Protein chains: 2
Amino acid sequence: MKDDRPRISDVARLAGVSTATVSRALSNPALVSEDTRAAVQSAVTATGYRLNQAARNLRHRRTGGIVALVPNLANPFFSQILSGIASVLGPAGYNLLIADTRTAGAEGLLAYAEPSRADGLIVLDGSLPAAALTGAVPLVEACEWVPGLVAPRVKIDNRAAAGLAVDHLADLGHRRIGHVAGPRGNVLSEARLSGTAERLAARGLPFPAGAVLQGDFSLDSGRLAALAWLELAGDSRPTAMFLASDAMACGFIAEVQRHGISVPRDVSVVGFDDIELVAHVSPPLTTIRQPRAALGRVAAERLLRRLRGEADQEGDTILPVELVIRASTAPARE
Amino acid sequence: MKDDRPRISDVARLAGVSTATVSRALSNPALVSEDTRAAVQSAVTATGYRLNQAARNLRHRRTGGIVALVPNLANPFFSQILSGIASVLGPAGYNLLIADTRTAGAEGLLAYAEPSRADGLIVLDGSLPAAALTGAVPLVEACEWVPGLVAPRVKIDNRAAAGLAVDHLADLGHRRIGHVAGPRGNVLSEARLSGTAERLAARGLPFPAGAVLQGDFSLDSGRLAALAWLELAGDSRPTAMFLASDAMACGFIAEVQRHGISVPRDVSVVGFDDIELVAHVSPPLTTIRQPRAALGRVAAERLLRRLRGEADQEGDTILPVELVIRASTAPARE
DNA sequence: ATCCTGCATGAAACCGATTACATCGCTTTG
DNA sequence: CAAAGCGATGTAATCGGTTTCATGCAGGAT
């Protein structure tokens, strides 16, 4: 059944020309005469010819594909980034392959980082081994990054973003501000945590060890953080919390509400990411907006530039974030 | 820089054997002797050889890739389905390509439905033209389906699922039950709408035209539906609403709350999908749980079975849904 | 001793396009 | 009028593996 797929030689025979001419007529029409082009065209439709990508790839030594490595496809945070990537890659003639680094094994990853599999790589997972990614194929990193890997990065200033959140809460008069961090070792967690500590220090506010709760970006870890927060004695319990992800913030709010705590009356909450849904929960969440689609677009554009061999400074691209003030934060009570 | 990539002949020379033997040693070790295998192995590591997929694909006449066509990557609903697909495909030696049918043009789609680009297709978008997908490459449909396309389908019973929602609300004593439908023409919207109408009729409950509001599955359309609902006169306003997606339910609840309406005291709300977040909003949403990861897994498994040429009955696989009762629904007030 | 069998291996065809190079006919230029 | 230039096209090498077929050799059966 596959054997009957017409080859370029079938088209050539029908059109009465050589395969070379067919190839030219299809991929570089300017090279052949008007008549030939028409003859080839009608032969193509007559045979139902479709070219074999594998053969072309072999000859061209390129695949036309870009692989995105995401830590967890099930996490909606990445959807919009991928969407941004796809919106740039598609029109440029590349197609996007997506691999979940969780489901793909370590050797599997290496297989992706190969020129014969993909022309380029967009890495969205900072926990990958730098060695597996080095050298083989052009890559850029987006959002997260692998320490020690030299590659263009497209990201936000997580430190400064955390500062925005802290400033907002401090400006509202809060003096005991807590933080729920992301997974230990994650580059984003670290940056947001240290940004928080820095800004609190800069404003002369305390940041005792107990004010940092450990999370992992997930909804449920936010819920658990809420339980830990509830345990704290009244006069050491923060009146405002900055959480390193919106998912955790949602989990946190839902859990404290279940215990009769009111947000923002009893505690103000700031999230991180501005995923679409948090504008529509109650109370609508104050959060740091990450330009997710733009992160994807810019990462894809930088990769394309490298692939085309254009000059592209090695440095990081920092995209701006924005504090979105909604109803989950309020002035501190006396 | 690409030129220095070692070829199989380099390995062969170093190992003192022919390329045929190297190929066999790598892809079918049982065929060569112990000694040869070892010699090839060390030659491979010495040269840093990695085989060229394009060349192998050309010869094998397969690509090792499966394409998933999703209507909108930015919609988190699909993330977990894709995750389920990837979890099956990865171990089976296939890699998953994901294409957003929104960003890929119509011709782009046709390019994906080709044997030289992908060995199989998983279609998650019911709005594609059946013609573009017919015949070229094995495919299965998941969640949504293209009317008129013959292919194995993996889905839920949307009609019956809507019935579950209606039953729940009716059992709580609600007599005026409204529905917010998904986008017009969408197969899921239609099934859920008619399932709602059927079950209401079966229970002798009214379902006037005004009780159906038009949405498009998005958060914002849920918000707009809330505004329409608020406009309704008190005695024609439904006391319970069943919305065809969780996103719309969230938008609906947030908007009515903004207008001082309490959920579930003033209106009960049931959603559809059970996306992770809705368990953690307030009030936690009563909804129909779709087994998203399982949908993806089963679809991938059926596709693999077809690719292996194993017998696979053409029919639909119907996966069970579940009514998850949370706090957004309550008995009707007198 | 002869023949057969089977294993390990090499030579070469093959997958299906692209493209460097050669060719041919015709026009332009000195 | 010969040389050079140019456009359109064909020939054949090439991309880098896989696989068929042939071969050589060792061991077992007759």
# chains A, B, ... in the order shown; residues from 1 in each chain; ligands from 1
call {"tool": "closest_atom_pairs", "arguments": {"of": "chain D", "to": "segment 8-27 of chain C", "cutoff": "9 Å", "atoms": "only C-alpha atoms (C1' of nucleotides)", "output": "JSON lines"}}
result
{"residue": "D:DG5", "atom": "C1'", "partner": "C:DT27", "partner_atom": "C1'", "distance": 8.5}
{"residue": "D:DC6", "atom": "C1'", "partner": "C:DT27", "partner_atom": "C1'", "distance": 8.4}
{"residue": "D:DT9", "atom": "C1'", "partner": "C:DT23", "partner_atom": "C1'", "distance": 8.6}
{"residue": "D:DG10", "atom": "C1'", "partner": "C:DT23", "partner_atom": "C1'", "distance": 8.0}
{"residue": "D:DT11", "atom": "C1'", "partner": "C:DA22", "partner_atom": "C1'", "distance": 8.0}
{"residue": "D:DA13", "atom": "C1'", "partner": "C:DA20", "partner_atom": "C1'", "distance": 8.5}
{"residue": "D:DT14", "atom": "C1'", "partner": "C:DT18", "partner_atom": "C1'", "distance": 8.5}
{"residue": "D:DC15", "atom": "C1'", "partner": "C:DT18", "partner_atom": "C1'", "distance": 8.9}
{"residue": "D:DT18", "atom": "C1'", "partner": "C:DC14", "partner_atom": "C1'", "distance": 8.5}
{"residue": "D:DT19", "atom": "C1'", "partner": "C:DC14", "partner_atom": "C1'", "distance": 8.5}
{"residue": "D:DT20", "atom": "C1'", "partner": "C:DA13", "partner_atom": "C1'", "distance": 8.1}
{"residue": "D:DA22", "atom": "C1'", "partner": "C:DA11", "partner_atom": "C1'", "distance": 8.5}
{"residue": "D:DT23", "atom": "C1'", "partner": "C:DG10", "partner_atom": "C1'", "distance": 8.3}
{"residue": "D:DG24", "atom": "C1'", "partner": "C:DT9", "partner_atom": "C1'", "distance": 8.9}
call {"tool": "interface_residues", "arguments": {"of": "chain B", "to": "chain A", "cutoff": "7 Å", "atoms": "only C-alpha atoms", "output": "VMD selection string"}}
result
chain B and resid 52 to 55 57 to 58 73 to 76 79 to 80 83 86 to 87 90 96 to 99 103 to 104 116 to 117 250 to 251 254 280 to 282
call {"tool": "closest_residue", "arguments": {"among": "A:Arg24, A:Arg7, A:Arg265, A:Arg199", "to": "chain D", "atoms": "only C-alpha atoms (C1' of nucleotides)"}}
result
A:Arg24
call {"tool": "select_by_dssp", "arguments": {"residues": "segment 170-269 of chain A", "states": "strand (DSSP E)", "output": "PDB file with N, CA and C atoms, in the first residue's frame"}}
result
ATOM      1  N   ILE A 177       5.874  39.797  56.244  1.00  0.00           N
ATOM      2  CA  ILE A 177       5.603  39.256  54.915  1.00  0.00           C
ATOM      3  C   ILE A 177       6.270  37.902  54.770  1.00  0.00           C
ATOM      4  N   GLY A 178       5.478  36.910  54.369  1.00  0.00           N
ATOM      5  CA  GLY A 178       6.034  35.559  54.209  1.00  0.00           C
ATOM      6  C   GLY A 178       6.159  35.175  52.750  1.00  0.00           C
ATOM      7  N   HIS A 179       6.861  34.080  52.529  1.00  0.00           N
ATOM      8  CA  HIS A 179       7.075  33.635  51.152  1.00  0.00           C
ATOM      9  C   HIS A 179       6.909  32.127  51.077  1.00  0.00           C
ATOM     10  N   VAL A 180       6.240  31.674  50.023  1.00  0.00           N
ATOM     11  CA  VAL A 180       6.213  30.236  49.758  1.00  0.00           C
ATOM     12  C   VAL A 180       7.051  30.003  48.504  1.00  0.00           C
ATOM     13  N   ALA A 181       8.130  29.271  48.684  1.00  0.00           N
ATOM     14  CA  ALA A 181       9.095  29.103  47.602  1.00  0.00           C
ATOM     15  C   ALA A 181       8.733  27.930  46.706  1.00  0.00           C
ATOM     16  N   VAL A 212       9.618  31.560  55.541  1.00  0.00           N
ATOM     17  CA  VAL A 212       9.726  30.896  54.245  1.00  0.00           C
ATOM     18  C   VAL A 212       9.162  29.489  54.333  1.00  0.00           C
ATOM     19  N   LEU A 213       8.166  29.222  53.550  1.00  0.00           N
ATOM     20  CA  LEU A 213       7.593  27.880  53.515  1.00  0.00           C
ATOM     21  C   LEU A 213       8.014  27.226  52.203  1.00  0.00           C
ATOM     22  N   GLN A 214       8.161  25.910  52.282  1.00  0.00           N
ATOM     23  CA  GLN A 214       8.641  25.197  51.107  1.00  0.00           C
ATOM     24  C   GLN A 214       7.474  24.693  50.271  1.00  0.00           C
ATOM     25  N   ALA A 240       0.823  38.941  55.246  1.00  0.00           N
ATOM     26  CA  ALA A 240       0.813  38.961  53.778  1.00  0.00           C
ATOM     27  C   ALA A 240       1.747  37.879  53.275  1.00  0.00           C
ATOM     28  N   MET A 241       1.320  37.213  52.189  1.00  0.00           N
ATOM     29  CA  MET A 241       2.124  36.117  51.645  1.00  0.00           C
ATOM     30  C   MET A 241       2.370  36.346  50.160  1.00  0.00           C
ATOM     31  N   PHE A 242       3.618  36.098  49.795  1.00  0.00           N
ATOM     32  CA  PHE A 242       3.978  36.133  48.379  1.00  0.00           C
ATOM     33  C   PHE A 242       4.347  34.713  47.983  1.00  0.00           C
ATOM     34  N   LEU A 243       3.612  34.163  47.027  1.00  0.00           N
ATOM     35  CA  LEU A 243       3.863  32.772  46.626  1.00  0.00           C
ATOM     36  C   LEU A 243       4.483  32.730  45.240  1.00  0.00           C
ATOM     37  N   SER A 268      -3.202  39.035  53.051  1.00  0.00           N
ATOM     38  CA  SER A 268      -3.076  39.414  51.649  1.00  0.00           C
ATOM     39  C   SER A 268      -2.234  38.380  50.925  1.00  0.00           C
ATOM     40  N   VAL A 269      -2.560  38.134  49.658  1.00  0.00           N
ATOM     41  CA  VAL A 269      -1.850  37.100  48.907  1.00  0.00           C
ATOM     42  C   VAL A 269      -1.446  37.618  47.520  1.00  0.00           C
TER      43      VAL A 269
END
call {"tool": "select_by_dssp", "arguments": {"residues": "segment 67-180 of chain A", "states": "alpha helix (DSSP H)", "output": "number ranges by chain"}}
result
A: 77-89, 106-112, 130-133, 158-171
call {"tool": "write_last_selection", "arguments": {"atoms": "C-alpha atoms", "output": "PDB file, in the first residue's frame"}}
result
ATOM      1  CA  PHE A  77       1.880  27.186  32.497  1.00  0.00           C
ATOM      2  CA  PHE A  78       3.784  25.945  29.490  1.00  0.00           C
ATOM      3  CA  SER A  79       0.886  25.814  27.082  1.00  0.00           C
ATOM      4  CA  GLN A  80       0.975  29.470  26.231  1.00  0.00           C
ATOM      5  CA  ILE A  81       4.721  29.547  25.902  1.00  0.00           C
ATOM      6  CA  LEU A  82       4.539  26.692  23.442  1.00  0.00           C
ATOM      7  CA  SER A  83       1.781  28.466  21.674  1.00  0.00           C
ATOM      8  CA  GLY A  84       4.033  31.492  21.304  1.00  0.00           C
ATOM      9  CA  ILE A  85       6.831  29.323  20.000  1.00  0.00           C
ATOM     10  CA  ALA A  86       4.579  27.604  17.510  1.00  0.00           C
ATOM     11  CA  SER A  87       3.279  30.902  16.211  1.00  0.00           C
ATOM     12  CA  VAL A  88       6.779  31.891  15.129  1.00  0.00           C
ATOM     13  CA  LEU A  89       8.107  28.543  14.006  1.00  0.00           C
ATOM     14  CA  ALA A 106      17.907  10.590  29.856  1.00  0.00           C
ATOM     15  CA  GLU A 107      19.085   8.788  26.724  1.00  0.00           C
ATOM     16  CA  GLY A 108      15.887   9.848  25.081  1.00  0.00           C
ATOM     17  CA  LEU A 109      16.898  13.433  25.652  1.00  0.00           C
ATOM     18  CA  LEU A 110      20.220  12.939  24.047  1.00  0.00           C
ATOM     19  CA  ALA A 111      18.448  11.582  21.034  1.00  0.00           C
ATOM     20  CA  TYR A 112      16.570  14.821  20.686  1.00  0.00           C
ATOM     21  CA  ALA A 130      24.194  20.538  30.819  1.00  0.00           C
ATOM     22  CA  ALA A 131      26.432  17.868  29.357  1.00  0.00           C
ATOM     23  CA  ALA A 132      23.617  16.199  27.434  1.00  0.00           C
ATOM     24  CA  LEU A 133      22.789  19.418  25.672  1.00  0.00           C
ATOM     25  CA  ASN A 158      12.765  36.932  38.671  1.00  0.00           C
ATOM     26  CA  ARG A 159      14.651  38.775  41.362  1.00  0.00           C
ATOM     27  CA  ALA A 160      13.207  42.137  40.444  1.00  0.00           C
ATOM     28  CA  ALA A 161       9.778  40.612  39.950  1.00  0.00           C
ATOM     29  CA  ALA A 162       9.835  39.307  43.496  1.00  0.00           C
ATOM     30  CA  GLY A 163      10.810  42.818  44.522  1.00  0.00           C
ATOM     31  CA  LEU A 164       7.661  44.185  42.888  1.00  0.00           C
ATOM     32  CA  ALA A 165       5.526  41.830  44.903  1.00  0.00           C
ATOM     33  CA  VAL A 166       7.277  42.697  48.147  1.00  0.00           C
ATOM     34  CA  ASP A 167       7.079  46.412  47.445  1.00  0.00           C
ATOM     35  CA  HIS A 168       3.369  46.179  46.818  1.00  0.00           C
ATOM     36  CA  LEU A 169       2.734  44.391  50.106  1.00  0.00           C
ATOM     37  CA  ALA A 170       5.061  46.654  52.039  1.00  0.00           C
ATOM     38  CA  ASP A 171       3.429  49.721  50.520  1.00  0.00           C
TER      39      ASP A 171
END
call {"tool": "residues_around", "arguments": {"residues": "Pro320 of chain A", "least_positions_apart": "5", "cutoff": "12 Å", "atoms": "only C-alpha atoms (C1' of nucleotides)", "output": "PyMOL selection string"}}
result
chain A and resi 154-158+160-161+164+288-292+294-295
call {"tool": "atom_distance", "arguments": {"atom1": "atom CA of Asp266 of chain A", "atom2": "atom CA of Asp246 of chain A"}}
result
19.1 Å
call {"tool": "atom_distance", "arguments": {"atom1": "atom CA of Val187 of chain B", "atom2": "atom CA of Pro147 of chain B"}}
result
8.1 Å
call {"tool": "atom_distance", "arguments": {"atom1": "atom CA of Val123 of chain B", "atom2": "atom CA of Leu323 of chain B"}}
result
26.2 Å
